[in-house]
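data_29.cif, holding mmCIF, C-alpha atoms:
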```cif
data_run
#
loop_
_atom_site.group_PDB
_atom_site.id
_atom_site.type_symbol
_atom_site.label_atom_id
_atom_site.label_comp_id
_atom_site.auth_asym_id
_atom_site.auth_seq_id
_atom_site.Cartn_x
_atom_site.Cartn_y
_atom_site.Cartn_z
ATOM 1 C CA MET A 1 84.445 -76.425 -30.798
ATOM 2 C CA SER A 2 83.637 -76.139 -34.514
ATOM 3 C CA SER A 3 82.313 -72.572 -34.210
ATOM 4 C CA SER A 4 85.412 -71.433 -32.325
ATOM 5 C CA VAL A 5 87.679 -73.002 -34.976
ATOM 6 C CA PHE A 6 85.585 -71.252 -37.641
ATOM 7 C CA MET A 7 85.978 -67.909 -35.866
ATOM 8 C CA ILE A 8 89.744 -68.357 -35.513
ATOM 9 C CA LEU A 9 90.104 -69.229 -39.209
ATOM 10 C CA LYS A 10 87.848 -66.357 -40.164
ATOM 11 C CA PHE A 11 89.881 -63.807 -38.200
ATOM 12 C CA LEU A 12 93.121 -65.244 -39.573
ATOM 13 C CA GLY A 13 91.703 -64.859 -43.084
ATOM 14 C CA VAL A 14 90.592 -61.274 -42.388
ATOM 15 C CA THR A 15 94.028 -60.460 -40.963
ATOM 16 C CA TYR A 16 95.777 -61.960 -43.974
ATOM 17 C CA LEU A 17 93.574 -60.062 -46.445
ATOM 18 C CA LEU A 18 94.217 -56.800 -44.605
ATOM 19 C CA TYR A 19 97.954 -57.564 -44.652
ATOM 20 C CA MET A 20 97.749 -58.113 -48.424
ATOM 21 C CA ALA A 21 95.890 -54.790 -48.788
ATOM 22 C CA TRP A 22 98.593 -52.992 -46.796
ATOM 23 C CA SER A 23 101.357 -54.694 -48.794
ATOM 24 C CA ALA A 24 99.739 -53.662 -52.074
ATOM 25 C CA LEU A 25 99.650 -50.029 -50.943
ATOM 26 C CA GLN A 26 103.255 -50.092 -49.737
ATOM 27 C CA GLU A 27 104.633 -51.531 -52.989
ATOM 28 C CA LYS A 28 106.645 -48.974 -54.933
ATOM 29 C CA GLY A 29 108.212 -49.027 -58.354
ATOM 30 C CA SER A 30 107.209 -50.934 -61.425
ATOM 31 C CA PHE A 31 106.805 -54.608 -62.095
ATOM 32 C CA GLN A 32 110.020 -56.426 -62.884
ATOM 33 C CA PHE A 33 109.951 -59.060 -65.586
ATOM 34 C CA GLU A 34 112.731 -61.400 -66.524
ATOM 35 C CA GLN A 35 113.401 -61.655 -70.201
ATOM 36 C CA ASN A 36 113.061 -65.271 -71.205
ATOM 37 C CA GLU A 37 115.840 -66.027 -73.646
ATOM 38 C CA THR A 38 114.325 -69.262 -74.931
ATOM 39 C CA LYS A 39 111.889 -68.709 -77.748
ATOM 40 C CA HIS A 40 109.310 -71.345 -78.564
ATOM 41 C CA SER A 41 107.862 -71.824 -82.003
ATOM 42 C CA SER A 42 104.190 -71.128 -82.549
ATOM 43 C CA LEU A 43 103.656 -74.759 -83.513
ATOM 44 C CA LYS A 44 105.176 -75.960 -80.233
ATOM 45 C CA ILE A 45 102.963 -73.598 -78.230
ATOM 46 C CA ILE A 46 99.854 -74.743 -80.139
ATOM 47 C CA LYS A 47 100.746 -78.428 -79.593
ATOM 48 C CA HIS A 48 101.229 -77.790 -75.891
ATOM 49 C CA ALA A 49 97.859 -75.989 -75.642
ATOM 50 C CA ILE A 50 96.071 -78.833 -77.447
ATOM 51 C CA PHE A 51 97.743 -81.402 -75.181
ATOM 52 C CA ILE A 52 96.659 -79.513 -72.063
ATOM 53 C CA ASN A 53 93.079 -79.180 -73.293
ATOM 54 C CA LEU A 54 92.795 -82.821 -74.331
ATOM 55 C CA PHE A 55 93.702 -83.965 -70.839
ATOM 56 C CA ASN A 56 91.655 -81.336 -69.026
ATOM 57 C CA PRO A 57 88.493 -83.088 -67.791
ATOM 58 C CA LYS A 58 86.439 -79.882 -67.496
ATOM 59 C CA LEU A 59 85.784 -79.431 -71.204
ATOM 60 C CA PRO A 60 84.474 -82.956 -71.957
ATOM 61 C CA LEU A 61 82.374 -82.822 -68.781
ATOM 62 C CA PHE A 62 80.954 -79.487 -69.899
ATOM 63 C CA PHE A 63 80.117 -80.884 -73.320
ATOM 64 C CA LEU A 64 78.459 -83.962 -71.837
ATOM 65 C CA ALA A 65 76.514 -82.023 -69.185
ATOM 66 C CA PHE A 66 75.494 -78.874 -71.065
ATOM 67 C CA LEU A 67 75.271 -79.469 -74.799
ATOM 68 C CA PRO A 68 72.880 -82.484 -74.889
ATOM 69 C CA GLN A 69 69.999 -80.276 -73.771
ATOM 70 C CA PHE A 70 70.247 -78.547 -77.148
ATOM 71 C CA ILE A 71 70.008 -81.790 -79.140
ATOM 72 C CA SER A 72 66.529 -82.794 -80.216
ATOM 73 C CA SER A 73 65.423 -86.198 -78.974
ATOM 74 C CA HIS A 74 63.988 -86.865 -82.447
ATOM 75 C CA THR A 75 67.231 -86.282 -84.359
ATOM 76 C CA ALA A 76 68.518 -89.082 -86.579
ATOM 77 C CA GLN A 77 72.182 -88.510 -85.738
ATOM 78 C CA PRO A 78 72.635 -87.128 -82.209
ATOM 79 C CA ILE A 79 76.410 -87.725 -82.279
ATOM 80 C CA LEU A 80 76.837 -85.531 -85.382
ATOM 81 C CA ASP A 81 74.643 -82.832 -83.826
ATOM 82 C CA MET A 82 76.733 -82.985 -80.650
ATOM 83 C CA LEU A 83 79.963 -82.724 -82.660
ATOM 84 C CA GLY A 84 78.535 -79.763 -84.584
ATOM 85 C CA LEU A 85 77.596 -77.929 -81.397
ATOM 86 C CA SER A 86 81.006 -78.735 -79.926
ATOM 87 C CA LEU A 87 82.735 -77.331 -83.006
ATOM 88 C CA ILE A 88 80.673 -74.130 -82.867
ATOM 89 C CA PHE A 89 81.490 -73.764 -79.170
ATOM 90 C CA MET A 90 85.220 -74.289 -79.791
ATOM 91 C CA LEU A 91 85.292 -71.769 -82.662
ATOM 92 C CA LEU A 92 83.520 -69.137 -80.569
ATOM 93 C CA THR A 93 85.916 -69.828 -77.707
ATOM 94 C CA LEU A 94 88.886 -69.438 -80.074
ATOM 95 C CA VAL A 95 87.617 -66.054 -81.262
ATOM 96 C CA VAL A 96 87.074 -64.869 -77.682
ATOM 97 C CA PHE A 97 90.532 -66.067 -76.575
ATOM 98 C CA ILE A 98 92.182 -64.341 -79.538
ATOM 99 C CA PHE A 99 90.450 -61.133 -78.462
ATOM 100 C CA TYR A 100 91.572 -61.677 -74.834
ATOM 101 C CA GLY A 101 95.159 -62.257 -75.940
ATOM 102 C CA CYS A 102 95.272 -59.133 -78.094
ATOM 103 C CA PHE A 103 93.632 -57.037 -75.383
ATOM 104 C CA ALA A 104 96.019 -58.393 -72.713
ATOM 105 C CA ALA A 105 99.058 -57.592 -74.880
ATOM 106 C CA MET A 106 97.775 -54.061 -75.490
ATOM 107 C CA MET A 107 97.035 -53.498 -71.796
ATOM 108 C CA ARG A 108 100.434 -54.883 -70.774
ATOM 109 C CA ARG A 109 102.215 -52.251 -72.843
ATOM 110 C CA TYR A 110 99.914 -49.526 -71.509
ATOM 111 C CA VAL A 111 100.188 -50.523 -67.845
ATOM 112 C CA LEU A 112 103.938 -51.145 -67.792
ATOM 113 C CA GLY A 113 104.606 -47.864 -69.555
ATOM 114 C CA LYS A 114 102.710 -45.672 -67.104
ATOM 115 C CA PRO A 115 103.630 -45.610 -63.403
ATOM 116 C CA SER A 116 100.431 -43.720 -62.541
ATOM 117 C CA VAL A 117 98.368 -46.624 -63.914
ATOM 118 C CA LEU A 118 100.344 -49.054 -61.739
ATOM 119 C CA LYS A 119 99.705 -46.828 -58.729
ATOM 120 C CA TRP A 120 95.943 -46.866 -59.329
ATOM 121 C CA LEU A 121 95.953 -50.623 -59.943
ATOM 122 C CA ARG A 122 97.661 -51.136 -56.586
ATOM 123 C CA ARG A 123 95.014 -48.969 -54.932
ATOM 124 C CA ILE A 124 92.245 -50.955 -56.590
ATOM 125 C CA PHE A 125 93.840 -54.252 -55.518
ATOM 126 C CA SER A 126 94.226 -52.937 -51.989
ATOM 127 C CA MET A 127 90.586 -51.824 -51.772
ATOM 128 C CA SER A 128 89.513 -55.193 -53.190
ATOM 129 C CA PHE A 129 91.403 -56.977 -50.406
ATOM 130 C CA VAL A 130 89.786 -54.694 -47.820
ATOM 131 C CA GLY A 131 86.359 -55.398 -49.326
ATOM 132 C CA LEU A 132 86.949 -59.142 -49.274
ATOM 133 C CA SER A 133 88.144 -58.981 -45.688
ATOM 134 C CA MET A 134 84.979 -57.099 -44.650
ATOM 135 C CA LYS A 135 82.813 -59.628 -46.462
ATOM 136 C CA LEU A 136 84.620 -62.423 -44.651
ATOM 137 C CA LEU A 137 84.425 -60.627 -41.307
ATOM 138 C CA PHE A 138 80.654 -60.269 -41.528
ATOM 139 C CA SER A 139 80.005 -63.701 -42.966
ATOM 140 C CA SER A 140 78.331 -66.339 -40.878
ATOM 141 C CA LYS A 141 78.811 -70.076 -40.685
ATOM 142 C CA SER A 142 75.765 -71.422 -42.494
#
```
Written form, structure tokens:
Amino acid sequence: MSSSVFMILKFLGVTYLLYMAWSALQEKGSFQFEQNETKHSSLKIIKHAIFINLFNPKLPLFFLAFLPQFISSHTAQPILDMLGLSLIFMLLTLVVFIFYGCFAAMMRRYVLGKPSVLKWLRRIFSMSFVGLSMKLLFSSKS
């Protein structure tokens, strides 16, 4: 029973991925974006980002699971060392995210301004869906 349910779900997944590949190839035109009339201040956006991160359990769990292995067991103040490592991690993450944001803004202008780039992106997405469907098709229940 379980293997037949697995096979049915697998073939449904393959079919859906192939449908998404076909849909990506059939899409014509450019992306349409609505212009959001409400502007938010930078301070409001920063407050919102801090709020989201403070209540996201992944970051504290990461700090508690990963960073202690870099704290010496002979240190006099392990909490300060942990805070220092956390600060370094957060600063590096900030620099990387600033780079990502700038790169994404640059690529957005480039992609939206060139229909040929959109055409190739759709082809790449379509081939990715086909590749994923083949991987799923030949996967086994282990």
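Using all atoms listed in the file, the smallest distance between any of A:Ala49, A:Phe6, A:Met82, A:Pro57 and Leu94 in chain A comes from A:Ala49.
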Review point. What does the PyMOL selection byres ((chain A and resi 60-71) around 10) select in this file, as a ChimeraX atom specification?
Key: /A:53-59,72-75,77-83,85-86,89
With the file shown as input, list the residues that the PyMOL selection byres ((chain A and resi 136) around 10) selects, as an mmCIF file with C-alpha atoms, in the coordinates of the input.
```
data_model
loop_
_atom_site.group_PDB
_atom_site.id
_atom_site.type_symbol
_atom_site.label_atom_id
_atom_site.label_comp_id
_atom_site.auth_asym_id
_atom_site.auth_seq_id
_atom_site.Cartn_x
_atom_site.Cartn_y
_atom_site.Cartn_z
ATOM 1 C CA LYS A 10 87.848 -66.357 -40.164
ATOM 2 C CA PHE A 11 89.881 -63.807 -38.200
ATOM 3 C CA GLY A 13 91.703 -64.859 -43.084
ATOM 4 C CA VAL A 14 90.592 -61.274 -42.388
ATOM 5 C CA LEU A 17 93.574 -60.062 -46.445
ATOM 6 C CA VAL A 130 89.786 -54.694 -47.820
ATOM 7 C CA GLY A 131 86.359 -55.398 -49.326
ATOM 8 C CA LEU A 132 86.949 -59.142 -49.274
ATOM 9 C CA SER A 133 88.144 -58.981 -45.688
ATOM 10 C CA MET A 134 84.979 -57.099 -44.650
ATOM 11 C CA LYS A 135 82.813 -59.628 -46.462
ATOM 12 C CA LEU A 137 84.425 -60.627 -41.307
ATOM 13 C CA PHE A 138 80.654 -60.269 -41.528
ATOM 14 C CA SER A 139 80.005 -63.701 -42.966
ATOM 15 C CA SER A 140 78.331 -66.339 -40.878
#
```
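Distance-wise, CA of Ile98 in chain A and CA of Phe51 in chain A end up 18.5 Å apart.
Relative to CA of Leu118 in chain A, CA of Tyr19 in chain A is found at 19.2 Å.
CA of Phe125 in chain A is found 7.1 Å from CA of Ala21 in chain A.
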